[in-house]
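**Q** So here's final-v9.csv (CSV, N, CA and C atoms).
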```csv
chain,number,residue,atom,x,y,z
U,30,MET,N,127.2,113.4,-16.6
U,30,MET,CA,126.9,114.6,-16.0
U,30,MET,C,127.6,114.7,-14.7
U,31,HIS,N,128.3,115.8,-14.4
U,31,HIS,CA,129.1,116.0,-13.2
U,31,HIS,C,128.3,116.8,-12.2
U,32,GLU,N,127.6,117.9,-12.7
U,32,GLU,CA,126.9,118.8,-11.8
U,32,GLU,C,125.6,119.2,-12.5
U,33,TYR,N,124.6,119.5,-11.7
U,33,TYR,CA,123.3,120.0,-12.2
U,33,TYR,C,122.6,120.8,-11.2
U,34,GLN,N,122.2,122.0,-11.5
U,34,GLN,CA,121.5,122.9,-10.6
U,34,GLN,C,120.3,123.5,-11.4
U,35,ALA,N,119.2,123.5,-10.8
U,35,ALA,CA,118.0,124.2,-11.4
U,35,ALA,C,117.6,125.3,-10.5
U,36,GLY,N,117.2,126.4,-11.1
U,36,GLY,CA,116.6,127.5,-10.4
U,36,GLY,C,115.2,127.4,-10.1
U,37,ASP,N,114.6,128.4,-9.5
U,37,ASP,CA,113.2,128.4,-9.2
U,37,ASP,C,112.3,128.3,-10.5
U,38,ALA,N,111.3,127.5,-10.4
U,38,ALA,CA,110.4,127.4,-11.6
U,38,ALA,C,109.3,128.4,-11.6
U,39,GLN,N,109.0,128.9,-12.8
U,39,GLN,CA,107.8,129.8,-13.0
U,39,GLN,C,106.8,128.9,-13.7
U,40,VAL,N,105.6,128.8,-13.2
U,40,VAL,CA,104.6,128.0,-13.8
U,40,VAL,C,103.4,128.8,-14.1
U,41,ASP,N,102.9,128.7,-15.4
U,41,ASP,CA,101.7,129.4,-15.8
U,41,ASP,C,100.7,128.4,-16.4
U,42,GLY,N,99.5,128.5,-16.1
U,42,GLY,CA,98.5,127.6,-16.6
U,42,GLY,C,97.1,127.9,-16.2
U,43,ASP,N,96.2,127.0,-16.6
U,43,ASP,CA,94.8,127.2,-16.4
U,43,ASP,C,94.1,126.0,-15.8
U,44,GLY,N,94.8,125.0,-15.3
U,44,GLY,CA,94.2,123.8,-14.8
U,44,GLY,C,94.1,122.7,-15.7
U,45,THR,N,94.1,123.0,-17.1
U,45,THR,CA,94.1,121.9,-18.1
U,45,THR,C,95.4,121.8,-18.8
U,46,MET,N,96.2,122.9,-18.8
U,46,MET,CA,97.5,122.9,-19.4
U,46,MET,C,98.4,123.9,-18.7
U,47,ALA,N,99.7,123.7,-18.7
U,47,ALA,CA,100.6,124.5,-18.0
U,47,ALA,C,101.9,124.6,-18.7
U,48,VAL,N,102.7,125.7,-18.6
U,48,VAL,CA,104.0,125.8,-19.1
U,48,VAL,C,104.9,126.1,-17.9
U,49,ALA,N,106.0,125.4,-17.7
U,49,ALA,CA,106.9,125.6,-16.6
U,49,ALA,C,108.3,125.9,-17.2
U,50,GLN,N,109.0,126.9,-16.6
U,50,GLN,CA,110.3,127.2,-17.1
U,50,GLN,C,111.2,127.5,-15.9
U,51,TYR,N,112.5,127.2,-16.0
U,51,TYR,CA,113.4,127.4,-15.0
U,51,TYR,C,114.8,127.5,-15.6
U,52,PRO,N,115.7,128.3,-14.9
U,52,PRO,CA,117.1,128.4,-15.4
U,52,PRO,C,117.8,127.1,-14.9
U,53,PHE,N,118.8,126.7,-15.6
U,53,PHE,CA,119.7,125.6,-15.2
U,53,PHE,C,121.1,125.9,-15.5
U,54,GLU,N,122.0,125.2,-14.8
U,54,GLU,CA,123.4,125.1,-15.0
U,54,GLU,C,123.9,123.7,-14.8
U,55,MET,N,124.7,123.2,-15.8
U,55,MET,CA,125.2,121.9,-15.6
U,55,MET,C,126.6,121.8,-16.2
U,56,VAL,N,127.3,120.8,-15.6
U,56,VAL,CA,128.7,120.5,-16.1
U,56,VAL,C,128.6,119.0,-16.6
U,57,TYR,N,129.0,118.8,-17.8
U,57,TYR,CA,128.9,117.4,-18.3
U,57,TYR,C,130.2,117.1,-19.1
U,58,GLU,N,130.4,115.9,-19.4
U,58,GLU,CA,131.6,115.4,-20.1
U,58,GLU,C,131.2,114.9,-21.5
U,59,HIS,N,131.9,115.3,-22.5
U,59,HIS,CA,131.6,114.8,-23.9
U,59,HIS,C,133.0,114.8,-24.6
U,60,ASN,N,133.2,113.6,-25.3
U,60,ASN,CA,134.4,113.4,-26.1
U,60,ASN,C,135.7,113.8,-25.3
U,61,GLY,N,135.8,113.4,-24.0
U,61,GLY,CA,136.9,113.7,-23.2
U,61,GLY,C,137.1,115.0,-22.6
U,62,GLY,N,136.2,116.0,-22.9
U,62,GLY,CA,136.3,117.3,-22.3
U,62,GLY,C,135.1,117.6,-21.5
U,63,ARG,N,135.3,118.5,-20.5
U,63,ARG,CA,134.1,119.0,-19.7
U,63,ARG,C,133.6,120.3,-20.2
U,64,TRP,N,132.3,120.4,-20.2
U,64,TRP,CA,131.6,121.6,-20.6
U,64,TRP,C,130.6,122.1,-19.6
U,65,ARG,N,130.5,123.4,-19.5
U,65,ARG,CA,129.5,124.0,-18.7
U,65,ARG,C,128.4,124.6,-19.6
U,66,SER,N,127.1,124.2,-19.3
U,66,SER,CA,126.0,124.6,-20.1
U,66,SER,C,125.0,125.4,-19.2
U,67,THR,N,124.6,126.5,-19.6
U,67,THR,CA,123.6,127.3,-18.9
U,67,THR,C,122.4,127.7,-19.9
U,68,GLY,N,121.2,127.9,-19.3
U,68,GLY,CA,120.1,128.3,-20.1
U,68,GLY,C,118.8,128.1,-19.4
U,69,TRP,N,117.7,128.0,-20.2
U,69,TRP,CA,116.4,127.8,-19.6
U,69,TRP,C,115.8,126.5,-20.1
U,70,ASP,N,115.2,125.7,-19.2
U,70,ASP,CA,114.5,124.5,-19.6
U,70,ASP,C,113.0,124.9,-19.6
U,71,VAL,N,112.3,124.6,-20.7
U,71,VAL,CA,110.9,125.0,-20.8
U,71,VAL,C,110.1,123.7,-21.1
U,72,TRP,N,109.0,123.5,-20.3
U,72,TRP,CA,108.2,122.3,-20.5
U,72,TRP,C,106.7,122.7,-20.6
U,73,ALA,N,106.0,122.0,-21.5
U,73,ALA,CA,104.5,122.2,-21.6
U,73,ALA,C,103.9,120.9,-21.1
U,74,PHE,N,102.8,121.0,-20.3
U,74,PHE,CA,102.1,119.9,-19.8
U,74,PHE,C,100.6,120.0,-20.1
U,75,THR,N,100.0,118.9,-20.2
U,75,THR,CA,98.5,118.8,-20.3
U,75,THR,C,98.0,117.9,-19.2
U,76,ARG,N,96.8,118.2,-18.7
U,76,ARG,CA,96.2,117.4,-17.7
U,76,ARG,C,95.4,116.3,-18.3
U,77,HIS,N,95.6,115.1,-17.8
U,77,HIS,CA,94.8,113.9,-18.2
U,77,HIS,C,94.3,113.2,-17.0
U,78,GLU,N,93.0,113.4,-16.7
U,78,GLU,CA,92.4,112.9,-15.5
U,78,GLU,C,93.1,113.6,-14.3
U,79,ASN,N,93.8,112.8,-13.5
U,79,ASN,CA,94.5,113.4,-12.3
U,79,ASN,C,96.0,113.6,-12.5
U,80,ASP,N,96.5,113.3,-13.7
U,80,ASP,CA,97.9,113.4,-13.9
U,80,ASP,C,98.3,114.5,-14.9
U,81,TRP,N,99.5,115.1,-14.7
U,81,TRP,CA,100.1,116.0,-15.6
U,81,TRP,C,101.0,115.3,-16.5
U,82,ILE,N,100.9,115.4,-17.8
U,82,ILE,CA,101.7,114.7,-18.8
U,82,ILE,C,102.5,115.7,-19.6
U,83,ALA,N,103.8,115.5,-19.7
U,83,ALA,CA,104.6,116.4,-20.5
U,83,ALA,C,104.4,116.1,-21.9
U,84,VAL,N,104.1,117.2,-22.7
U,84,VAL,CA,103.8,117.0,-24.1
U,84,VAL,C,104.9,117.7,-25.0
U,85,TRP,N,105.7,118.6,-24.4
U,85,TRP,CA,106.7,119.3,-25.2
U,85,TRP,C,107.8,119.8,-24.2
U,86,ARG,N,109.0,119.8,-24.7
U,86,ARG,CA,110.2,120.4,-23.9
U,86,ARG,C,111.2,121.0,-24.9
U,87,THR,N,111.8,122.1,-24.5
U,87,THR,CA,112.9,122.7,-25.2
U,87,THR,C,113.9,123.3,-24.2
U,88,MET,N,115.1,123.6,-24.7
U,88,MET,CA,116.0,124.3,-23.9
U,88,MET,C,116.3,125.6,-24.7
U,89,GLN,N,116.3,126.7,-24.0
U,89,GLN,CA,116.4,128.0,-24.6
U,89,GLN,C,117.6,128.8,-24.1
U,90,ALA,N,118.1,129.7,-24.9
U,90,ALA,CA,119.3,130.6,-24.5
U,90,ALA,C,120.5,129.8,-24.0
U,91,ILE,N,120.8,128.7,-24.7
U,91,ILE,CA,121.9,127.9,-24.2
U,91,ILE,C,123.2,128.5,-24.5
U,92,LYS,N,124.1,128.5,-23.5
U,92,LYS,CA,125.5,129.0,-23.6
U,92,LYS,C,126.3,127.8,-23.1
U,93,GLU,N,127.3,127.5,-23.9
U,93,GLU,CA,128.2,126.4,-23.5
U,93,GLU,C,129.7,126.9,-23.6
U,94,GLN,N,130.5,126.5,-22.6
U,94,GLN,CA,131.9,126.8,-22.6
U,94,GLN,C,132.7,125.7,-22.0
U,95,PRO,N,133.9,125.5,-22.4
U,95,PRO,CA,134.7,124.4,-21.8
U,95,PRO,C,135.1,124.8,-20.4
U,96,VAL,N,135.2,123.7,-19.6
U,96,VAL,CA,135.6,123.8,-18.2
U,96,VAL,C,137.0,123.4,-18.0
U,97,ASP,N,137.8,124.3,-17.5
U,97,ASP,CA,139.2,123.9,-17.2
U,97,ASP,C,139.3,122.9,-16.0
U,98,VAL,N,139.9,121.8,-16.3
U,98,VAL,CA,140.0,120.8,-15.2
U,98,VAL,C,141.5,120.5,-15.0
U,99,PRO,N,142.0,120.6,-13.8
U,99,PRO,CA,143.4,120.3,-13.6
U,99,PRO,C,143.7,118.8,-13.9
U,100,PRO,N,144.9,118.5,-14.4
U,100,PRO,CA,145.2,117.1,-14.8
U,100,PRO,C,145.1,116.2,-13.6
U,101,GLY,N,144.6,115.0,-13.8
U,101,GLY,CA,144.5,114.0,-12.8
U,101,GLY,C,143.1,114.0,-12.0
U,102,ILE,N,142.2,114.9,-12.4
U,102,ILE,CA,140.9,115.0,-11.7
U,102,ILE,C,139.9,114.4,-12.6
```
Could I get this structure in the form of structure tokens?
**A**
Amino acid sequence: MHEYQAGDAQVDGDGTMAVAQYPFEMVYEHNGGRWRSTGWDVWAFTRHENDWIAVWRTMQAIKEQPVDVPPGI
């Protein structure tokens, strides 16, 4: 991964469970090429005693496109 940015999270819940979602953008390298990926990261949490535990995660509305990188970089 070369770059990663997350936007502001929106969290909805009732004290025993919560869903958090936020937009993201990242640049990563795969099979010798660089790719830009954007979308939404969505997490579901449950409360166990005093801790929040992630029980589910997905990425939504994913868009990926190649990133042009000048030679030698």
**Q** What lies within 7 Å of U:Val48 using only N, CA and C atoms, ignoring chain neighbours under 2 positions off, as a list in words?
**A** Gln39, Val40, Asp41, Gly42, Asp43, Met46, Gln50, Val71, Trp72, Ala73 and Phe74 of chain U
**Q** Export N, CA and C atoms of the chosen residues as a PDB file, in the frame of the given file?
**A**
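Once written, out-v3.pdb looks like this:
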```pdb
ATOM      1  N   GLN U  39     109.000 128.900 -12.800  1.00  0.00           N
ATOM      2  CA  GLN U  39     107.800 129.800 -13.000  1.00  0.00           C
ATOM      3  C   GLN U  39     106.800 128.900 -13.700  1.00  0.00           C
ATOM      4  N   VAL U  40     105.600 128.800 -13.200  1.00  0.00           N
ATOM      5  CA  VAL U  40     104.600 128.000 -13.800  1.00  0.00           C
ATOM      6  C   VAL U  40     103.400 128.800 -14.100  1.00  0.00           C
ATOM      7  N   ASP U  41     102.900 128.700 -15.400  1.00  0.00           N
ATOM      8  CA  ASP U  41     101.700 129.400 -15.800  1.00  0.00           C
ATOM      9  C   ASP U  41     100.700 128.400 -16.400  1.00  0.00           C
ATOM     10  N   GLY U  42      99.500 128.500 -16.100  1.00  0.00           N
ATOM     11  CA  GLY U  42      98.500 127.600 -16.600  1.00  0.00           C
ATOM     12  C   GLY U  42      97.100 127.900 -16.200  1.00  0.00           C
ATOM     13  N   ASP U  43      96.200 127.000 -16.600  1.00  0.00           N
ATOM     14  CA  ASP U  43      94.800 127.200 -16.400  1.00  0.00           C
ATOM     15  C   ASP U  43      94.100 126.000 -15.800  1.00  0.00           C
ATOM     16  N   MET U  46      96.200 122.900 -18.800  1.00  0.00           N
ATOM     17  CA  MET U  46      97.500 122.900 -19.400  1.00  0.00           C
ATOM     18  C   MET U  46      98.400 123.900 -18.700  1.00  0.00           C
ATOM     19  N   GLN U  50     109.000 126.900 -16.600  1.00  0.00           N
ATOM     20  CA  GLN U  50     110.300 127.200 -17.100  1.00  0.00           C
ATOM     21  C   GLN U  50     111.200 127.500 -15.900  1.00  0.00           C
ATOM     22  N   VAL U  71     112.300 124.600 -20.700  1.00  0.00           N
ATOM     23  CA  VAL U  71     110.900 125.000 -20.800  1.00  0.00           C
ATOM     24  C   VAL U  71     110.100 123.700 -21.100  1.00  0.00           C
ATOM     25  N   TRP U  72     109.000 123.500 -20.300  1.00  0.00           N
ATOM     26  CA  TRP U  72     108.200 122.300 -20.500  1.00  0.00           C
ATOM     27  C   TRP U  72     106.700 122.700 -20.600  1.00  0.00           C
ATOM     28  N   ALA U  73     106.000 122.000 -21.500  1.00  0.00           N
ATOM     29  CA  ALA U  73     104.500 122.200 -21.600  1.00  0.00           C
ATOM     30  C   ALA U  73     103.900 120.900 -21.100  1.00  0.00           C
ATOM     31  N   PHE U  74     102.800 121.000 -20.300  1.00  0.00           N
ATOM     32  CA  PHE U  74     102.100 119.900 -19.800  1.00  0.00           C
ATOM     33  C   PHE U  74     100.600 120.000 -20.100  1.00  0.00           C
TER      34      PHE U  74
END
```
**Q** So what do you get for atom CA of U:Phe53 versus atom CA of U:Trp85, distance-wise?
**A** 17.6 Å
**Q** Which value, in Å to one decimal, gives the distance between atom CA of U:Asn79 and atom CA of U:Tyr33?
**A**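 According to the coordinates, atom CA of U:Asn79 and atom CA of U:Tyr33 are separated by 29.5 Å.
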**Q** What gap, in Å, lies between atom CA of U:Arg63 and atom CA of U:Gly36?
**A**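 Calculated distance between atom CA of U:Arg63 and atom CA of U:Gly36 is 21.6 Å.
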**Q** Which polymer residues have any atom within 7 Å of an atom of U:Met30, counting only C-alpha atoms, with same-chain residues fewer than 2 positions away left out, as a VMD selection string?
**A** chain U and resid 32 56 to 58
**Q** Could you pull out the strand (DSSP E or B) residues of chain U from DSSP and send them as a ChimeraX atom specification?
**A** /U:32-35,39-42,46-59,62-77,80-95
**Q** With a distance cut-off of 8 Å and only N, CA and C atoms, select the neighbouring residues of U:Pro95, excluding the residue or stretch itself and same-chain residues fewer than 3 positions from it, and output the selection as an MDAnalysis selection string.
**A** chainID U and resid 62:66 92 98
**Q** If you keep N, CA and C atoms, can you produce a file of those selected residues as a compact mmCIF listing (two decimals), in the coordinates of the input?
**A**
```
# COMPACT_ATOMS: atom_id res chain seq x y z
N GLY U 62 136.20 116.00 -22.90
CA GLY U 62 136.30 117.30 -22.30
C GLY U 62 135.10 117.60 -21.50
N ARG U 63 135.30 118.50 -20.50
CA ARG U 63 134.10 119.00 -19.70
C ARG U 63 133.60 120.30 -20.20
N TRP U 64 132.30 120.40 -20.20
CA TRP U 64 131.60 121.60 -20.60
C TRP U 64 130.60 122.10 -19.60
N ARG U 65 130.50 123.40 -19.50
CA ARG U 65 129.50 124.00 -18.70
C ARG U 65 128.40 124.60 -19.60
N SER U 66 127.10 124.20 -19.30
CA SER U 66 126.00 124.60 -20.10
C SER U 66 125.00 125.40 -19.20
N LYS U 92 124.10 128.50 -23.50
CA LYS U 92 125.50 129.00 -23.60
C LYS U 92 126.30 127.80 -23.10
N VAL U 98 139.90 121.80 -16.30
CA VAL U 98 140.00 120.80 -15.20
C VAL U 98 141.50 120.50 -15.00
```
**Q** Can you work out which one of U:Trp81, U:Glu93, U:Thr87, U:Ala38 has the shortest atom-to-atom distance to U:Met55, counting only C-alpha atoms?
**A**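 Nearest to U:Met55: U:Glu93.
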